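Report on one structure; see the data block that follows.
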Amino acid sequence: MKLRIVLILLFLIAWYLIAIIKLFQIQVLNNKYKQIANQQFILRIQRFPKRGTVYDRNLRPIAYSIPRLQVYQYLKDAVDYYGILNAFKHESVENNNNYPKLISRDVPVEYKKFILSPKEKGFFAIKYYKRVYPFYEISQNVIGFVIDTLGMEGLEKALDNYLKGYSGYEEIFQSADGKRFFLPKESKNEPKNGLDIITTLDMRIQEIAYRNLKNGVISESANWGFVIVLNPKTGEILAMANYPNSYKNYAIQLMFEPGSTFKIFTFAKAIELNLISDSDSVFVNKEGIMIDNHRIKNVEKTQGYITYKKALSYSINSVFAEIGVKLGGIQLFEIARRVGFGIRTDVLLNGETNGILKRRFRNIDVANFAIGQGFSINGLQMAMAYSCIANGGYLLAPKIVLKVGDSLYNKPYVIRKCFSKKITEKLKELLIDVVENGSGKLAKIESLKIAGKTGTSQKFINGSYSDDKVITSFIGFFPADDPNYLIYVVLDEPKKNKFGGTSAAPIFRNIVLEIIQKI
């Protein structure tokens, strides 16, 4: 009898222990049921960080964030007593019966007190930040845009890791009857805001560049155009404007043949090797010259002897074609590569092209190379190459950011020295004569010394160069003796004036006039 009682007691104790162990496993070790309960009664709400502000160099905000509310419905039988949600209902609202579901993305924060009112049942609001672009039209090609919290183009994309910050969360307990209670601090993770960024851009100059470019593209009936304005001493980009305005940045994402703006580098190589002197004379035939059964034509119908200096001022193709053949393809390739063509500048913007630069050996190919045809560049490469001349011989990295958070990036970065001081002074002298007496006269401003060069490149279409479809340009810097500004203007297929000196140079001049009057 006693044995039976002992066995029964042992059985009951064992069963009790097994039950305790099983409950321990379910409730503590295996949190499956806890997770199910939490999903039903605990809501984890994302808390959005404030994206960093992007400023121009004068601390004018060019991209910033303002607080807004995202409103969610969490009860099927919700009551919108004040009609707020119908007023702000977003077109992309989630259309399903899963709760909570998004109702509106753009409700002003001052409406939060109504959404949380006892009369408004079944909704909750989350603060997020809406991006604002006060200079959207004139700078979208540089600034880009944001979708949700992701930078998609321009600086918004390039600097997204610095600007976006990190999201947090907050947990809310929801009872069976729909009432909500905020949980203790341990159930929160505060968001971390993004870093503010100061750029090199000057929105005053950006506006001047954009407006004059727009007027020029429209008046010339061109397809598109761009303007770059930078400081050649530091490489700081002050403006980079497109027209028509687009998220595509024409200055770095499009490739084109430079035309006559390249001739100064052909000249530089020739005087480095003592092949020519600017005061030497050369015979010019108004019909141009024949090379490998191809005629190199001259726009300027000059006949007779002129100096090499005047050949550059009037942009005589035949003279530079002959110089190119004497130099040879290897020497021309060397000078082009030295000043940065064929290699990305690595500016802090997405989508930059390399350009196409190849060694040329046939005489006709070398002749075309010497006059800026047969290879392609992007616009920023040309601007940085001319900066070598303007700043005394140094190829600089272009810069578009001065400060990220507390980190400063305000020192120029020298890639290499390209020319001696003596050579750059000679090149400046030649470029000044282009504006004073040559093809760049329409860029001239009295009492201001400008150095510059015109460019007209024929487009290569269906196996030959078109006489009708051209890209025109003008690049220059001022004051020529100690330049603070370099401006590059490019137009695609102008219909009225098909030369850089008559279509792009006037735009350059108008921009310069406004800069010296207003900045």
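A note on labels: chains of the structure tokens are A, B, ... as shown, every chain counts residues from 1, and ligands are counted from 1 in their shown order.
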Q: List the neighbours of Val347 of chain A out to 9 Å using only C-alpha atoms; skip same-chain residues closer than 3 positions along the sequence, and give me the result as a ChimeraX atom specification.
A: /A:252,344,350,352,380,397-400
Proximity check segment 436-473 of chain A to segment 304-315 of chain A, 9 Å, nearest pairs one decimal Å, only C-alpha atoms, as a tab-separated table:
```
residue	atom	partner	partner_atom	distance
A:Glu436	CA	A:Ser313	CA	8.9
A:Asn437	CA	A:Ser313	CA	7.0
A:Gly438	CA	A:Ser313	CA	4.5
A:Ser439	CA	A:Tyr314	CA	5.3
A:Gly440	CA	A:Ser313	CA	7.9
A:Lys453	CA	A:Ser313	CA	8.1
A:Thr454	CA	A:Ser315	CA	8.0
A:Gly455	CA	A:Ser315	CA	8.6
```
Keeping only N, CA and C atoms, write the selected residues to a file as an mmCIF file, in the first residue's frame.
```cif
data_model
loop_
_atom_site.group_PDB
_atom_site.id
_atom_site.type_symbol
_atom_site.label_atom_id
_atom_site.label_comp_id
_atom_site.auth_asym_id
_atom_site.auth_seq_id
_atom_site.Cartn_x
_atom_site.Cartn_y
_atom_site.Cartn_z
ATOM 1 N N GLU A 436 40.420 90.086 -78.475
ATOM 2 C CA GLU A 436 40.625 91.487 -78.857
ATOM 3 C C GLU A 436 40.537 91.692 -80.361
ATOM 4 N N ASN A 437 41.075 90.742 -81.130
ATOM 5 C CA ASN A 437 41.231 90.985 -82.571
ATOM 6 C C ASN A 437 40.749 89.847 -83.462
ATOM 7 N N GLY A 438 40.345 88.729 -82.890
ATOM 8 C CA GLY A 438 40.059 87.554 -83.702
ATOM 9 C C GLY A 438 38.612 87.099 -83.683
ATOM 10 N N SER A 439 38.423 85.773 -83.709
ATOM 11 C CA SER A 439 37.081 85.197 -83.847
ATOM 12 C C SER A 439 36.220 85.372 -82.602
ATOM 13 N N GLY A 440 36.831 85.789 -81.489
ATOM 14 C CA GLY A 440 36.086 85.947 -80.244
ATOM 15 C C GLY A 440 35.691 87.377 -79.917
ATOM 16 N N LYS A 453 38.641 81.421 -76.362
ATOM 17 C CA LYS A 453 38.740 80.769 -77.675
ATOM 18 C C LYS A 453 37.366 80.298 -78.123
ATOM 19 N N THR A 454 37.106 80.487 -79.409
ATOM 20 C CA THR A 454 35.868 79.999 -80.019
ATOM 21 C C THR A 454 36.045 78.542 -80.439
ATOM 22 N N GLY A 455 34.919 77.853 -80.587
ATOM 23 C CA GLY A 455 34.948 76.480 -81.064
ATOM 24 C C GLY A 455 33.729 76.164 -81.903
#
```
Q: Can you pull out every residue within 8 Å of Ala383 of chain A, counting only C-alpha atoms, but drop anything in the same chain fewer than 3 positions away, and send it as a PyMOL selection string?
A: chain A and resi 228+379-380+386-387+475+486-488
**Q.** segment 264-273 of chain A environment, 8 Å, only C-alpha atoms, sequence neighbours closer than 5 positions dropped, as a list in words
**A.** Leu312, Phe320, Ile323, Gly324, Leu327, Gln331, Leu332, Ile335, Ala336, Ala370, Ile371, Ile423 and Leu427 of chain A
Hey, can you spit out that residue selection with C-alpha atoms as a PDB file, in the first residue's frame?
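The file below, part-v5.pdb, is the result:
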```pdb
ATOM      1  CA  LEU A 312      45.019  81.034 -83.829  1.00  0.00           C
ATOM      2  CA  PHE A 320      46.769  73.723 -87.340  1.00  0.00           C
ATOM      3  CA  ILE A 323      51.150  71.668 -87.324  1.00  0.00           C
ATOM      4  CA  GLY A 324      49.433  68.456 -86.243  1.00  0.00           C
ATOM      5  CA  LEU A 327      53.874  66.938 -84.449  1.00  0.00           C
ATOM      6  CA  GLN A 331      52.731  64.057 -79.409  1.00  0.00           C
ATOM      7  CA  LEU A 332      49.130  65.208 -79.836  1.00  0.00           C
ATOM      8  CA  ILE A 335      49.313  66.797 -74.716  1.00  0.00           C
ATOM      9  CA  ALA A 336      45.610  65.827 -74.769  1.00  0.00           C
ATOM     10  CA  ALA A 370      44.945  68.887 -84.162  1.00  0.00           C
ATOM     11  CA  ILE A 371      41.825  70.950 -84.940  1.00  0.00           C
ATOM     12  CA  ILE A 423      54.305  78.691 -71.587  1.00  0.00           C
ATOM     13  CA  LEU A 427      49.150  80.988 -74.193  1.00  0.00           C
TER      14      LEU A 427
END
```
For segment 395-478 of chain A versus segment 195-216 of chain A, which residues have an atom no more than 8 Å away, and what is each residue's nearest atom pair and distance in Å rounded to one decimal, using only C-alpha atoms, chain-then-number order, as a Markdown table?
```
| residue | atom | partner | partner_atom | distance |
| --- | --- | --- | --- | --- |
| A:Lys399 | CA | A:Thr200 | CA | 7.1 |
| A:Ile400 | CA | A:Thr200 | CA | 4.9 |
| A:Val401 | CA | A:Thr199 | CA | 4.1 |
| A:Leu402 | CA | A:Thr199 | CA | 5.2 |
| A:Lys403 | CA | A:Ile198 | CA | 5.0 |
| A:Val404 | CA | A:Ile197 | CA | 4.6 |
| A:Gly405 | CA | A:Leu195 | CA | 5.0 |
```
Q: Would you mind listing what lies within 8 Å of Ile45 of chain A as an NGL selection string, with only C-alpha atoms counted and same-chain residues fewer than 5 positions away left out?
A: :A and (126 or 169-172)
Write the residues you've just listed into a file as a compact mmCIF listing (two decimals), in the first residue's frame, and include N, CA and C atoms for each of them.
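Here's the written file part_8.txt:
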```
# COMPACT_ATOMS: atom_id res chain seq x y z
N ILE A 126 2.74 59.53 -38.27
CA ILE A 126 4.18 59.44 -38.12
C ILE A 126 4.81 60.65 -38.80
N TYR A 169 12.88 53.84 -34.45
CA TYR A 169 11.55 53.25 -34.34
C TYR A 169 10.98 53.54 -32.96
N GLU A 170 9.67 53.35 -32.84
CA GLU A 170 8.98 53.50 -31.58
C GLU A 170 7.89 52.43 -31.52
N GLU A 171 7.76 51.75 -30.38
CA GLU A 171 6.77 50.69 -30.24
C GLU A 171 5.56 51.20 -29.47
N ILE A 172 4.37 50.86 -29.98
CA ILE A 172 3.10 51.26 -29.39
C ILE A 172 2.28 50.02 -29.08
```
